[in-house]
file query27.cif (mmCIF, C-alpha atoms)
data_model
loop_
_atom_site.label_atom_id
_atom_site.label_comp_id
_atom_site.auth_asym_id
_atom_site.auth_seq_id
_atom_site.Cartn_x
_atom_site.Cartn_y
_atom_site.Cartn_z
CA MET O 5 49.09 -8.36 33.53
CA ALA O 6 50.83 -10.83 31.21
CA ALA O 7 47.93 -10.67 28.75
CA ASP O 8 48.47 -6.91 28.30
CA VAL O 9 52.17 -7.22 27.46
CA ILE O 10 53.00 -6.69 23.79
CA THR O 11 55.64 -9.18 22.80
CA ARG O 12 58.41 -8.23 20.39
CA ARG O 13 56.95 -10.50 17.73
CA ARG O 14 53.48 -9.03 18.10
CA PHE O 15 54.90 -5.50 18.05
CA LEU O 16 56.70 -6.22 14.78
CA ARG O 17 53.51 -7.65 13.30
CA LEU O 18 51.58 -4.52 14.27
CA ILE O 19 54.26 -2.32 12.73
CA ALA O 20 54.22 -4.38 9.53
CA ALA O 21 50.42 -4.23 9.29
CA ALA O 22 50.39 -0.49 9.90
CA SER O 23 53.13 0.04 7.33
CA ALA O 24 51.19 -2.00 4.78
CA GLU O 25 48.07 0.08 5.38
CA VAL O 26 49.99 3.34 5.07
CA GLY O 27 51.71 2.06 1.94
CA ALA O 28 48.44 0.99 0.37
CA PHE O 29 46.90 4.36 1.21
CA ALA O 30 49.88 6.20 -0.30
CA LEU O 31 49.84 3.99 -3.39
CA GLY O 32 46.10 4.53 -3.81
CA GLY O 33 46.52 8.27 -3.43
CA ALA O 34 49.31 8.32 -5.99
CA TYR O 35 47.22 6.31 -8.45
CA THR O 36 44.11 8.49 -8.14
CA THR O 37 46.14 11.72 -8.34
CA TRP O 38 49.06 10.98 -10.67
CA GLY O 39 47.98 7.78 -12.40
CA GLU O 40 44.42 7.51 -13.61
CA PRO O 41 43.87 11.25 -14.35
CA TYR O 42 46.48 10.94 -17.12
CA TRP O 43 45.59 7.41 -18.31
CA LEU O 44 43.62 8.29 -21.41
CA ALA O 45 41.02 5.80 -22.63
CA VAL O 46 39.58 5.50 -26.14
CA GLU O 47 35.90 4.59 -26.05
CA ARG O 48 34.52 3.21 -29.33
CA VAL O 49 30.75 3.55 -29.47
CA THR O 50 28.25 2.51 -32.14
CA VAL O 51 25.20 4.77 -32.34
CA PRO O 52 22.18 3.14 -34.07
CA LEU O 53 20.10 5.86 -35.70
CA VAL O 54 16.66 5.32 -37.19
CA GLY O 55 16.48 6.57 -40.75
CA LEU O 56 20.22 7.07 -41.14
CA PRO O 57 20.91 7.48 -44.89
CA ASP O 58 23.08 4.72 -46.26
CA VAL O 59 25.65 7.28 -47.44
CA LEU O 60 26.23 8.23 -43.77
CA ARG O 61 26.70 4.64 -42.59
CA GLY O 62 30.06 4.36 -40.86
CA THR O 63 30.56 8.11 -40.42
CA THR O 64 32.80 8.54 -37.38
CA ILE O 65 32.85 11.41 -34.89
CA ALA O 66 35.74 11.88 -32.47
CA GLN O 67 34.82 13.79 -29.32
CA ILE O 68 36.91 15.32 -26.55
CA SER O 69 35.66 17.55 -23.78
CA ASP O 70 36.50 19.40 -20.56
CA LEU O 71 40.19 20.10 -21.04
CA HIS O 72 40.33 22.35 -17.95
CA VAL O 73 43.82 23.56 -18.73
CA GLY O 74 45.45 25.22 -15.75
CA HIS O 75 46.83 23.89 -12.52
CA PHE O 76 46.24 20.17 -13.10
CA LEU O 77 46.44 19.78 -16.89
CA GLY O 78 48.90 21.41 -19.25
CA GLN O 79 49.57 21.88 -22.94
CA LYS O 80 51.41 18.56 -23.22
CA ASP O 81 48.32 16.73 -21.96
CA VAL O 82 46.18 18.44 -24.59
CA ALA O 83 48.82 17.53 -27.18
CA HIS O 84 48.57 13.87 -26.19
CA ALA O 85 44.77 13.91 -26.54
CA VAL O 86 45.05 15.59 -29.94
CA ASP O 87 47.56 12.98 -31.09
CA VAL O 88 45.17 10.20 -30.03
CA VAL O 89 42.27 11.82 -31.89
CA LEU O 90 44.32 12.26 -35.06
CA GLY O 91 45.40 8.63 -34.87
CA LEU O 92 41.74 7.55 -35.01
CA ARG O 93 41.26 9.28 -38.39
CA PRO O 94 37.63 10.29 -37.74
CA SER O 95 35.28 11.80 -40.31
CA LEU O 96 34.44 14.70 -37.97
CA ILE O 97 35.86 16.06 -34.69
CA VAL O 98 33.97 17.91 -31.95
CA VAL O 99 35.13 19.51 -28.69
CA THR O 100 32.32 20.08 -26.19
CA GLY O 101 33.50 22.90 -23.93
CA ASP O 102 35.30 23.83 -20.71
CA TYR O 103 38.77 24.69 -22.00
CA VAL O 104 39.71 26.43 -18.74
CA THR O 105 38.95 26.34 -15.03
CA LEU O 106 40.18 29.48 -13.27
CA ALA O 107 41.50 31.88 -15.92
CA ALA O 108 40.11 32.60 -19.37
CA GLU O 109 43.61 33.36 -20.67
CA HIS O 110 44.55 29.70 -20.12
CA ALA O 111 42.58 28.96 -23.30
CA GLY O 112 45.74 30.12 -25.04
CA LEU O 113 47.45 26.97 -23.74
CA CYS O 114 44.92 24.86 -25.66
CA THR O 115 44.89 26.53 -29.04
CA PRO O 116 48.42 25.60 -30.24
CA GLU O 117 47.33 21.95 -29.98
CA LEU O 118 43.66 22.27 -30.96
CA VAL O 119 44.59 23.92 -34.26
CA ARG O 120 46.31 20.64 -35.22
CA LEU O 121 42.95 18.85 -35.31
CA ARG O 122 41.94 17.98 -38.86
CA ALA O 123 39.08 15.87 -40.22
CA PRO O 124 37.46 15.53 -43.68
CA LEU O 125 34.11 16.88 -42.48
CA GLY O 126 35.53 19.56 -40.19
CA VAL O 127 36.31 20.36 -36.56
CA PHE O 128 33.78 22.17 -34.36
CA PHE O 129 33.74 23.61 -30.84
CA ILE O 130 31.28 24.87 -28.22
CA LEU O 131 31.69 26.59 -24.83
CA GLY O 132 31.03 25.21 -21.34
CA ASN O 133 30.07 26.68 -17.99
CA HIS O 134 33.67 27.24 -16.82
CA ASP O 135 34.39 29.19 -19.99
CA HIS O 136 31.54 31.50 -19.00
CA TRP O 137 32.53 31.63 -15.33
CA THR O 138 35.99 32.88 -16.21
CA ASN O 139 35.20 35.12 -19.18
CA ALA O 140 33.34 33.77 -22.20
CA ARG O 141 34.28 36.74 -24.37
CA VAL O 142 37.99 36.18 -23.77
CA VAL O 143 37.77 32.41 -24.33
CA THR O 144 35.73 32.97 -27.50
CA ARG O 145 38.21 35.54 -28.81
CA ILE O 146 41.20 33.27 -28.16
CA LEU O 147 39.58 30.30 -29.89
CA ARG O 148 38.33 32.27 -32.88
CA ASP O 149 41.61 34.16 -33.28
CA ALA O 150 43.23 30.74 -33.65
CA GLY O 151 40.82 29.96 -36.49
CA LEU O 152 38.67 27.46 -34.58
CA THR O 153 34.98 27.15 -35.52
CA LEU O 154 32.73 27.82 -32.53
CA LEU O 155 29.04 26.95 -32.77
CA LEU O 156 27.20 29.23 -30.35
CA ASN O 157 23.49 28.73 -30.96
CA GLU O 158 24.15 28.04 -34.62
CA GLY O 159 24.59 25.16 -37.00
CA ARG O 160 26.26 24.04 -40.20
CA LEU O 161 25.18 21.78 -43.02
CA VAL O 162 27.94 19.18 -43.15
CA GLU O 163 28.03 17.70 -46.64
CA THR O 164 29.48 14.30 -47.47
CA SER O 165 29.80 12.51 -50.79
CA GLY O 166 26.15 12.01 -51.63
CA GLY O 167 24.63 13.08 -48.32
CA ALA O 168 24.52 15.71 -45.59
CA PHE O 169 23.62 16.27 -41.93
CA TRP O 170 23.11 19.32 -39.72
CA LEU O 171 25.62 19.84 -36.92
CA ALA O 172 24.49 22.39 -34.34
CA GLY O 173 25.88 23.73 -31.10
CA VAL O 174 24.17 25.58 -28.27
CA ASP O 175 25.85 28.05 -25.94
CA ASP O 176 26.06 27.12 -22.27
CA VAL O 177 22.87 25.70 -20.73
CA TRP O 178 23.77 26.35 -17.07
CA GLU O 179 24.25 30.06 -17.77
CA ARG O 180 20.97 30.12 -19.71
CA HIS O 181 22.55 31.05 -23.00
CA ALA O 182 21.34 27.97 -24.90
CA ASP O 183 18.87 28.55 -27.75
CA LEU O 184 17.90 25.35 -29.52
CA ASP O 185 15.69 27.07 -32.09
CA GLU O 186 18.55 29.34 -33.15
CA ALA O 187 20.91 26.37 -33.37
CA LEU O 188 18.52 24.52 -35.68
CA ALA O 189 17.42 27.54 -37.68
CA GLY O 190 18.00 26.94 -41.36
CA ALA O 191 18.36 23.18 -41.01
CA PRO O 192 16.66 21.25 -43.83
CA LYS O 193 13.71 19.35 -42.43
CA ASP O 194 14.68 15.95 -43.79
CA VAL O 195 18.36 15.80 -42.75
CA LEU O 196 19.86 14.11 -39.68
CA LYS O 197 20.50 16.58 -36.86
CA ILE O 198 23.32 16.25 -34.31
CA LEU O 199 23.61 18.69 -31.39
CA LEU O 200 26.59 19.70 -29.27
CA ALA O 201 25.48 20.76 -25.77
CA HIS O 202 27.93 20.94 -22.88
CA GLU O 203 25.49 19.85 -20.14
CA PRO O 204 24.05 16.36 -20.79
CA ASP O 205 20.76 16.73 -18.90
CA TYR O 206 19.70 19.28 -21.52
CA ALA O 207 18.83 16.13 -23.45
CA ASP O 208 15.37 16.17 -21.84
CA VAL O 209 14.62 19.50 -23.52
CA VAL O 210 16.14 18.41 -26.83
CA ALA O 211 14.33 15.06 -26.88
CA ALA O 212 11.01 16.76 -26.19
CA ASP O 213 11.64 19.05 -29.17
CA GLY O 214 11.90 15.99 -31.42
CA ARG O 215 14.18 17.31 -34.16
CA VAL O 216 17.58 16.01 -32.98
CA SER O 217 18.75 12.40 -33.31
CA LEU O 218 21.99 12.58 -31.29
CA GLN O 219 23.29 14.94 -28.59
CA LEU O 220 26.97 14.99 -27.62
CA SER O 221 27.88 16.39 -24.20
CA GLY O 222 30.57 16.52 -21.53
CA HIS O 223 30.50 18.49 -18.24
CA SER O 224 30.14 15.58 -15.81
CA HIS O 225 33.72 14.21 -15.93
CA GLY O 226 31.84 10.97 -15.25
CA GLY O 227 31.93 12.09 -11.62
CA GLN O 228 35.76 11.66 -11.60
CA VAL O 229 35.28 8.98 -8.92
CA ARG O 230 32.97 6.02 -9.51
CA LEU O 231 32.75 3.57 -6.63
CA PRO O 232 31.90 -0.07 -7.35
CA PHE O 233 28.16 -0.76 -6.87
CA LEU O 234 27.61 2.85 -5.70
CA GLY O 235 28.52 4.98 -8.71
CA ALA O 236 29.67 8.57 -8.49
CA PRO O 237 29.41 10.17 -5.02
CA HIS O 238 29.13 13.60 -6.61
CA LEU O 239 27.92 14.87 -9.98
CA PRO O 240 27.57 18.50 -11.11
CA TYR O 241 24.32 20.28 -11.78
CA LEU O 242 22.77 19.26 -15.11
CA ALA O 243 24.73 16.00 -15.21
CA HIS O 244 22.76 13.86 -12.76
CA LYS O 245 20.58 11.93 -15.22
CA TYR O 246 23.04 11.18 -18.04
CA PRO O 247 26.52 11.38 -16.46
CA TYR O 248 28.43 9.13 -18.85
CA SER O 249 28.19 6.78 -21.84
CA LEU O 250 25.37 6.36 -24.38
CA ARG O 251 21.81 6.76 -23.14
CA ARG O 252 18.44 6.68 -24.87
CA VAL O 253 16.28 9.73 -24.15
CA GLY O 254 12.88 9.63 -25.80
CA GLY O 255 13.41 9.36 -29.54
CA MET O 256 17.10 10.35 -29.51
CA TRP O 257 20.47 9.37 -28.06
CA VAL O 258 22.77 11.35 -25.77
CA TYR O 259 26.43 10.51 -25.31
CA THR O 260 28.33 12.02 -22.37
CA ASN O 261 32.11 12.14 -22.58
CA ARG O 262 34.06 11.82 -19.28
CA GLY O 263 36.40 14.63 -20.27
CA ILE O 264 40.16 15.05 -20.42
CA GLY O 265 40.86 17.25 -17.39
CA VAL O 266 39.78 17.42 -13.77
CA ILE O 267 38.62 19.99 -11.25
CA ALA O 268 39.40 19.98 -7.53
CA PRO O 269 39.89 17.57 -5.95
CA PRO O 270 42.14 16.55 -8.89
CA VAL O 271 41.56 12.80 -8.67
CA ARG O 272 40.03 10.06 -10.76
CA PHE O 273 39.09 6.55 -9.73
CA ASN O 274 37.39 4.00 -11.98
CA CYS O 275 36.68 6.91 -14.32
CA ARG O 276 39.52 7.43 -16.80
CA PRO O 277 39.75 10.51 -19.02
CA GLU O 278 38.30 9.83 -22.42
CA VAL O 279 38.53 10.27 -26.16
CA THR O 280 35.38 8.98 -27.83
CA LEU O 281 35.02 7.60 -31.34
CA LEU O 282 31.35 7.34 -32.28
CA SER O 283 30.32 5.39 -35.37
CA LEU O 284 26.93 6.12 -36.93
CA GLU O 285 25.02 3.06 -38.10
CA PRO O 286 21.39 2.42 -39.14
CA ALA O 287 19.20 1.19 -36.30
#
call {"tool": "encode", "arguments": {"input": "query27.cif", "output": "structure tokens"}}
result
Amino acid sequence: MAADVITRRRFLRLIAAASAEVGAFALGGAYTTWGEPYWLAVERVTVPLVGLPDVLRGTTIAQISDLHVGHFLGQKDVAHAVDVVLGLRPSLIVVTGDYVTLAAEHAGLCTPELVRLRAPLGVFFILGNHDHWTNARVVTRILRDAGLTLLLNEGRLVETSGGAFWLAGVDDVWERHADLDEALAGAPKDVLKILLAHEPDYADVVAADGRVSLQLSGHSHGGQVRLPFLGAPHLPYLAHKYPYSLRRVGGMWVYTNRGIGVIAPPVRFNCRPEVTLLSLEPA
């Protein structure tokens, strides 16, 4: 009987241990919900490209993606990301889709900040799957009415002092609106080609085509949660193979940005939101 009696000292120890566990759980929940999702990281990445003209050496591209403005991310968060991008002074800026999550009209919360983006070689945008799932026509209208340049299965010759490259964007891959041939139509054969494609696993198709040297994508959010030694427990469709960072795919590179916003559950762990600054260098 005596062995089953909980002494006062033991009782207090149990209470202290339980309180510590509850406190740690609460602290961890607060960090993953209110801490890391708003702790923006700047990733600086060198991309070695075979045959890069010397005049393009050191060209920098700032990339943001997956704003998902709505319940979990607001205009002030977009403003912060824009301020960070502008502080990097990139040569070119790209935004790789998913401005909204649940309502196409929320794209109007992005545009007052996105119009502040300026770069010597221009600022370009594409759509993502959530933009289509809400209403792609509305999102497109809001962005274009703000004067933003959307590349939907089209490209532009971006000219620098003494050189040029082709920047193309495809419409959403998941919704089967992507047309690589249309995006590259009119591109000079001998210029570097860079493609914006929301879903990173499209890189298999692009690499097999052989014309593109670098694909920039988002979509995955990096998984939002990346467990040590295990990686991301969940990744969306078309982001299983190249969910984050720089990867070699055949004869080209794909870079996947972890995004700015989140979708439900609105948590991040070991997977901070990201602004990317890519520097092009000869291989």
call {"tool": "atom_distance", "arguments": {"input": "query27.cif", "atom1": "CA of His181 in chain O", "atom2": "CA of Leu242 in chain O"}}
result
14.2 Å
call {"tool": "closest_atom_pairs", "arguments": {"input": "query27.cif", "of": "range 181-278 of chain O", "to": "range 34-40 of chain O", "cutoff": "9 Å", "atoms": "all atoms listed in the file", "output": "tab-separated table"}}
result
residue	atom	partner	partner_atom	distance
O:Val229	CA	O:Thr36	CA	8.9
O:Pro269	CA	O:Thr37	CA	8.9
O:Pro270	CA	O:Thr37	CA	6.3
O:Val271	CA	O:Thr37	CA	4.7
O:Arg272	CA	O:Thr36	CA	5.1
O:Phe273	CA	O:Thr36	CA	5.6
O:Asn274	CA	O:Glu40	CA	8.0
O:Cys275	CA	O:Glu40	CA	7.8
O:Arg276	CA	O:Glu40	CA	5.8
O:Pro277	CA	O:Glu40	CA	7.8
call {"tool": "closest_residue", "arguments": {"input": "query27.cif", "among": "O:Leu281, O:Ala189, O:Val54, O:Ile68", "to": "Ala85 in chain O", "atoms": "only C-alpha atoms"}}
result
O:Ile68
call {"tool": "atom_distance", "arguments": {"input": "query27.cif", "atom1": "CA of His72 in chain O", "atom2": "CA of Ala182 in chain O"}}
result
21.0 Å
call {"tool": "resolve_selection", "arguments": {"input": "query27.cif", "expression": "the PyMOL selection byres ((chain O and resi 101) around 7)", "output": "ChimeraX atom specification"}}
result
/O:69-70,99-100,102-103,129-132,202
call {"tool": "write_last_selection", "arguments": {"input": "query27.cif", "atoms": "C-alpha atoms", "output": "PDB file, keeping the file's coordinate frame"}}
result
ATOM      1  CA  SER O  69      35.660  17.550 -23.780  1.00  0.00           C
ATOM      2  CA  ASP O  70      36.500  19.400 -20.560  1.00  0.00           C
ATOM      3  CA  VAL O  99      35.130  19.510 -28.690  1.00  0.00           C
ATOM      4  CA  THR O 100      32.320  20.080 -26.190  1.00  0.00           C
ATOM      5  CA  ASP O 102      35.300  23.830 -20.710  1.00  0.00           C
ATOM      6  CA  TYR O 103      38.770  24.690 -22.000  1.00  0.00           C
ATOM      7  CA  PHE O 129      33.740  23.610 -30.840  1.00  0.00           C
ATOM      8  CA  ILE O 130      31.280  24.870 -28.220  1.00  0.00           C
ATOM      9  CA  LEU O 131      31.690  26.590 -24.830  1.00  0.00           C
ATOM     10  CA  GLY O 132      31.030  25.210 -21.340  1.00  0.00           C
ATOM     11  CA  HIS O 202      27.930  20.940 -22.880  1.00  0.00           C
TER      12      HIS O 202
END
